[in-house]
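Inspection log for the structure reproduced underneath, given as structure tokens.
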Amino acid sequence: MLSSLVLLAVSFAAAAAHEHDTLEQIPVGYVKYPWQATYPGDNEVTADSIFSGITTFARLPWVQCLGKDADEAFDIAFIGAPFDTGTSYRPGARFGPSGIRAGSRRLTLYGGYNVPLGVNPFMSGLKIVDCGDVPVTPYDNKHAIAQIESGHKTLLHRTPFSPLGNDSVTGEALVPVSKDGKHHPRLITLGGDHTIVLPLLRSVHSAYGAISVIHFDSHLDTWKPSVFGGAPSHQAEINHGTYFYWAAQEGLVRNGSSIHGAIRTTLSGPADYENDDTIGFQRIEAREIDTLGTDGIIKKIRDVVGTDPVYLSIDIDSIDPAFAPATGTPETGGWSTRELRTILRGLDGLHIVSADIVEVAPAYDTNAELTTMAAADVLFEVLSVMAKTPLGKVAKK
Ligand SMILES: *[C@@H]1O[C@H](CO)[C@@H](O)[C@H](O)[C@H]1NC(C)=O
Ligand SMILES: *[C@@H]1O[C@H](CO)[C@@H](O)[C@H](O)[C@H]1NC(C)=O
Ligand SMILES: [Mn+2]
């Protein structure tokens with residue numbers, strides 16, 4: 001018995017050694033079946049093992065944009081902001097960036113072609129990268145908020161990889177939609193709790209001035225600090241329920257052309273809506289989907305923001321907890337993942353200058369990764385819309 005076991009072990013070892021001798025090193029970069037690499041085109045085999053390797057968003061190349069690769073240009077970058085010390089209920093969104101990346105692994109399993117939008121953002125010619133995370137301290141909110149602003153701004157002011165190009169209809173050269181007249185890359189930030197939008201809007205303001213915001217959330221997030229959190233200190237006044245209040249005070253949000261969607265929170269009273277009006281937001285309640293449908297909601301959003309540049313902020317809690325349970329302050333009665341994705345595709349053609357998804361707290365997720373998958377798929381729609389629409393316009397004659 002013992003001798004036959006030894007014999008078996010020896011023959012295994014011999015087989016392994018033989019295999020080692022004959023197998024060649026797997027080539028790096030684009031290779032054909034059976035080692036197919038990333039983003040094959042139409043009609044090609046997609047046998048790459050998407051579950052292997054280091055996890056980046058949609059298996060995009062990892063570029064250390066804030067480190068040793070400071071000179072590398074890109075057109076659209078994913079950047080994490082692992083901050084959650086502005087949360088009122090469940091903490092844990094600091095793990096959002098890594099969770100969303102894990103949920104995004106299979107986005108390119110079949111190639112990444114977006115059927116309803118008719119685009120493969122990964123093969124659109126734009127250079128899309130994952131910049132990793134902004135370093136964020138968990139010990140000092142004021143410092144963390146400054147870190148996020150600085151990291152975002154550094155990337156936003158980098159010269160894009162691709163030129164703006166010409167109008168697809170008229171062939172005329174496009175001019176940037178920014179306020180500073182420059183062509184900027186686009187950033188998609190992986191939160192983090194919603195507080196991060198204050199530093200993100202400060203950064204966006206440096207290129208685009210006051211901007212229209214499309215905000216999907218079950219909560220208003222425009223609350224006065226005295227109402228939300230009670231403001232025992234100035235640091236406590238800046239949190240994930242008040243950042244839009246501060247953004248409006250600083251003139252970062254365009255008054256009257258910004259809109260919330262999927263609102264369904266309870267309030268301190270009707271005064272919260274009066275305050276929200278003063279901040280400058282229109283509102284779409286979650287339940288309006290029963291009467292307006294997705295088409296009506298898309299129309300309402302487009303009527304409010306018009307054709308001007310827009311910033312998009314998506315709280316995962318806009319989706320119902322049945323589909324996305326892993327979030328800081330869940331509210332039932334929300335939209336399905338399908339409904340939010342349809343509404344996002346309805347933003348096709350808008351100049352979305354940058355975007356974020358926030359409040360993904362993977363510790364509360366199901367074993368099936370429902371929430372992180374929903375977050376990744378939602379961003380796939382945002383990325384597709386961005387890839388279709390250059391951040392330019394035809395100059396007025
Ligand atoms: C884009 O427009 C510019 C200026 O009108 C023109 O010189 C250039 O040839 C155009 N490029 C393409 C690819 O059409
Ligand atoms: C937005 O405009 C309204 C109406 O003009 C005004 O009452 C309100 O104070 C403005 N809000 C901000 C934050 O500037
Ligand atoms: Mn929020």
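Naming scheme: A, B, ... for chains in displayed order of the structure tokens; residues 1 onward per chain; ligands 1 onward as shown.
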* Write out as a list in words each polymer residue (protein, DNA or RNA) that has an atom no more than 12 Å from ligand 1, with only C-alpha atoms and all ligand atoms counted. =>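 Counting only C-alpha atoms and all ligand atoms, the residues within 12 Å of ligand 1 come out as Pro163, Leu164, Gly165, Asn166, Asp167, Ser168, Val169, Thr170, Gly171, Glu172, Ala173, Leu174, Val175, Val394 and Ala395 of chain A.
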Per residue of chain A within 7 Å of ligand 2, note the shortest atom pair and the distance in Å to one decimal, counting only C-alpha atoms and all ligand atoms, and order the rows by chain and increasing residue number, as a Markdown table.
```
| residue | atom | partner | partner_atom_place_in_ligand_line | distance |
| --- | --- | --- | --- | --- |
| A:Ala248 | CA | ligand 2 | 13 (C) | 4.8 |
| A:Gln249 | CA | ligand 2 | 13 (C) | 5.6 |
| A:Gly251 | CA | ligand 2 | 13 (C) | 7.0 |
| A:Asn255 | CA | ligand 2 | 1 (C) | 4.9 |
| A:Gly256 | CA | ligand 2 | 1 (C) | 6.6 |
| A:Thr278 | CA | ligand 2 | 8 (C) | 4.6 |
| A:Ile279 | CA | ligand 2 | 13 (C) | 4.3 |
| A:Gly280 | CA | ligand 2 | 1 (C) | 5.1 |
```
* To do: Run DSSP on the backbone of this structure and report the residues of stretch 78-284 of chain A it assigns to alpha helix (DSSP H), as a PyMOL selection string.
  => chain A and resi 96-103+141-156+197-208+234-237+243-249+271-279
Could the residues that lie within 12 Å of ligand 3, counting only C-alpha atoms and all ligand atoms, be listed as a PDB file with C-alpha atoms, in the first residue's frame?
```
ATOM      1  CA  GLY A  86     -19.291  60.692   6.397  1.00  0.00           C
ATOM      2  CA  THR A  87     -21.953  57.957   6.704  1.00  0.00           C
ATOM      3  CA  SER A  88     -24.997  58.202   8.973  1.00  0.00           C
ATOM      4  CA  TYR A  89     -26.132  54.560   9.065  1.00  0.00           C
ATOM      5  CA  ALA A  93     -18.404  52.077   1.380  1.00  0.00           C
ATOM      6  CA  GLY A 191     -17.143  55.655  -4.108  1.00  0.00           C
ATOM      7  CA  GLY A 192     -16.997  55.903  -1.248  1.00  0.00           C
ATOM      8  CA  ASP A 193     -19.922  57.440   0.587  1.00  0.00           C
ATOM      9  CA  HIS A 194     -21.747  60.344  -1.034  1.00  0.00           C
ATOM     10  CA  THR A 195     -19.708  63.011   0.806  1.00  0.00           C
ATOM     11  CA  ILE A 196     -17.059  62.579  -1.915  1.00  0.00           C
ATOM     12  CA  VAL A 197     -19.240  64.517  -4.356  1.00  0.00           C
ATOM     13  CA  LEU A 198     -18.348  67.802  -2.610  1.00  0.00           C
ATOM     14  CA  HIS A 215     -28.459  62.878  -9.148  1.00  0.00           C
ATOM     15  CA  PHE A 216     -30.014  59.413  -8.730  1.00  0.00           C
ATOM     16  CA  ASP A 217     -30.658  58.694  -5.065  1.00  0.00           C
ATOM     17  CA  SER A 218     -33.456  57.802  -2.671  1.00  0.00           C
ATOM     18  CA  HIS A 219     -32.321  60.761  -0.542  1.00  0.00           C
ATOM     19  CA  LEU A 220     -32.130  64.501  -1.201  1.00  0.00           C
ATOM     20  CA  ASP A 221     -28.614  65.100   0.192  1.00  0.00           C
ATOM     21  CA  THR A 222     -29.317  68.862   0.174  1.00  0.00           C
ATOM     22  CA  TRP A 223     -30.182  68.933   3.874  1.00  0.00           C
ATOM     23  CA  ASN A 239     -21.435  64.523   5.546  1.00  0.00           C
ATOM     24  CA  HIS A 240     -23.238  62.304   3.052  1.00  0.00           C
ATOM     25  CA  GLY A 241     -26.578  64.043   3.630  1.00  0.00           C
ATOM     26  CA  THR A 242     -25.384  67.664   3.381  1.00  0.00           C
ATOM     27  CA  TYR A 243     -22.699  67.815   0.671  1.00  0.00           C
ATOM     28  CA  PHE A 244     -25.103  69.308  -1.933  1.00  0.00           C
ATOM     29  CA  HIS A 260     -32.792  64.305  -8.444  1.00  0.00           C
ATOM     30  CA  GLY A 261     -34.265  60.958  -9.549  1.00  0.00           C
ATOM     31  CA  ALA A 262     -35.617  58.014  -7.490  1.00  0.00           C
ATOM     32  CA  ILE A 263     -36.342  60.101  -4.351  1.00  0.00           C
ATOM     33  CA  ARG A 264     -38.379  58.238  -1.715  1.00  0.00           C
ATOM     34  CA  THR A 265     -36.905  59.009   1.700  1.00  0.00           C
ATOM     35  CA  SER A 313     -23.922  61.190  -9.542  1.00  0.00           C
ATOM     36  CA  ILE A 314     -25.465  57.789  -8.898  1.00  0.00           C
ATOM     37  CA  ASP A 315     -26.223  56.545  -5.404  1.00  0.00           C
ATOM     38  CA  ILE A 316     -26.644  52.763  -5.645  1.00  0.00           C
ATOM     39  CA  ASP A 317     -29.583  53.157  -3.223  1.00  0.00           C
ATOM     40  CA  SER A 318     -31.630  54.613  -6.092  1.00  0.00           C
ATOM     41  CA  ILE A 319     -32.015  50.942  -7.048  1.00  0.00           C
ATOM     42  CA  THR A 327     -25.648  50.116   0.661  1.00  0.00           C
ATOM     43  CA  GLY A 328     -25.371  52.601   3.521  1.00  0.00           C
ATOM     44  CA  THR A 329     -29.003  53.702   3.888  1.00  0.00           C
ATOM     45  CA  PRO A 330     -31.305  51.316   1.999  1.00  0.00           C
ATOM     46  CA  GLU A 331     -34.874  52.400   1.148  1.00  0.00           C
ATOM     47  CA  ASP A 356     -19.582  58.666  -9.928  1.00  0.00           C
ATOM     48  CA  ILE A 357     -21.305  55.761  -8.275  1.00  0.00           C
ATOM     49  CA  VAL A 358     -21.395  55.844  -4.483  1.00  0.00           C
ATOM     50  CA  GLU A 359     -22.628  54.115  -1.326  1.00  0.00           C
ATOM     51  CA  VAL A 360     -21.759  50.577  -2.441  1.00  0.00           C
TER      52      VAL A 360
END
```
* Tell me, as number ranges by chain, which residues lie within 7 Å of A:Pro325, counting only C-alpha atoms; anything in the same chain fewer than 6 positions away does not count. => A: 364-365, 371
* Residue with smallest distance to A:Leu252 - pool A:Thr294, A:Asn275, A:Ser212, A:Thr159, counting only C-alpha atoms ->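 Closest to A:Leu252 of all the choices is A:Ser212.
Taking atom CA of A:Pro199 as the reference point, atom CA of A:Glu149 is found at 4.5 Å.
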* To do: Just give me the gap between atom CA of A:Arg202 and atom CA of A:Leu391 in Å, one decimal is fine.
  => 19.2 Å
* Asked: If we count only C-alpha atoms, what is near A:Ala207 at a cut-off of 8 Å, once residues fewer than 6 positions away on the same chain are taken out, given as a list in words?
  ->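 Contacts, in chain order: Leu156, His157, Ser178, Lys179, Asp180, Lys182 and His184 of chain A.
Note that the spacing between atom CA of A:Phe57 and atom CA of A:Arg94 amounts to 16.1 Å.
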* Report the residues of stretch 40-223 of chain A whose backbone DSSP state falls under strand (DSSP E or B), written as a ChimeraX atom specification. => /A:62,76-81,114,119,128-133,166,173-176,186-191,211-216
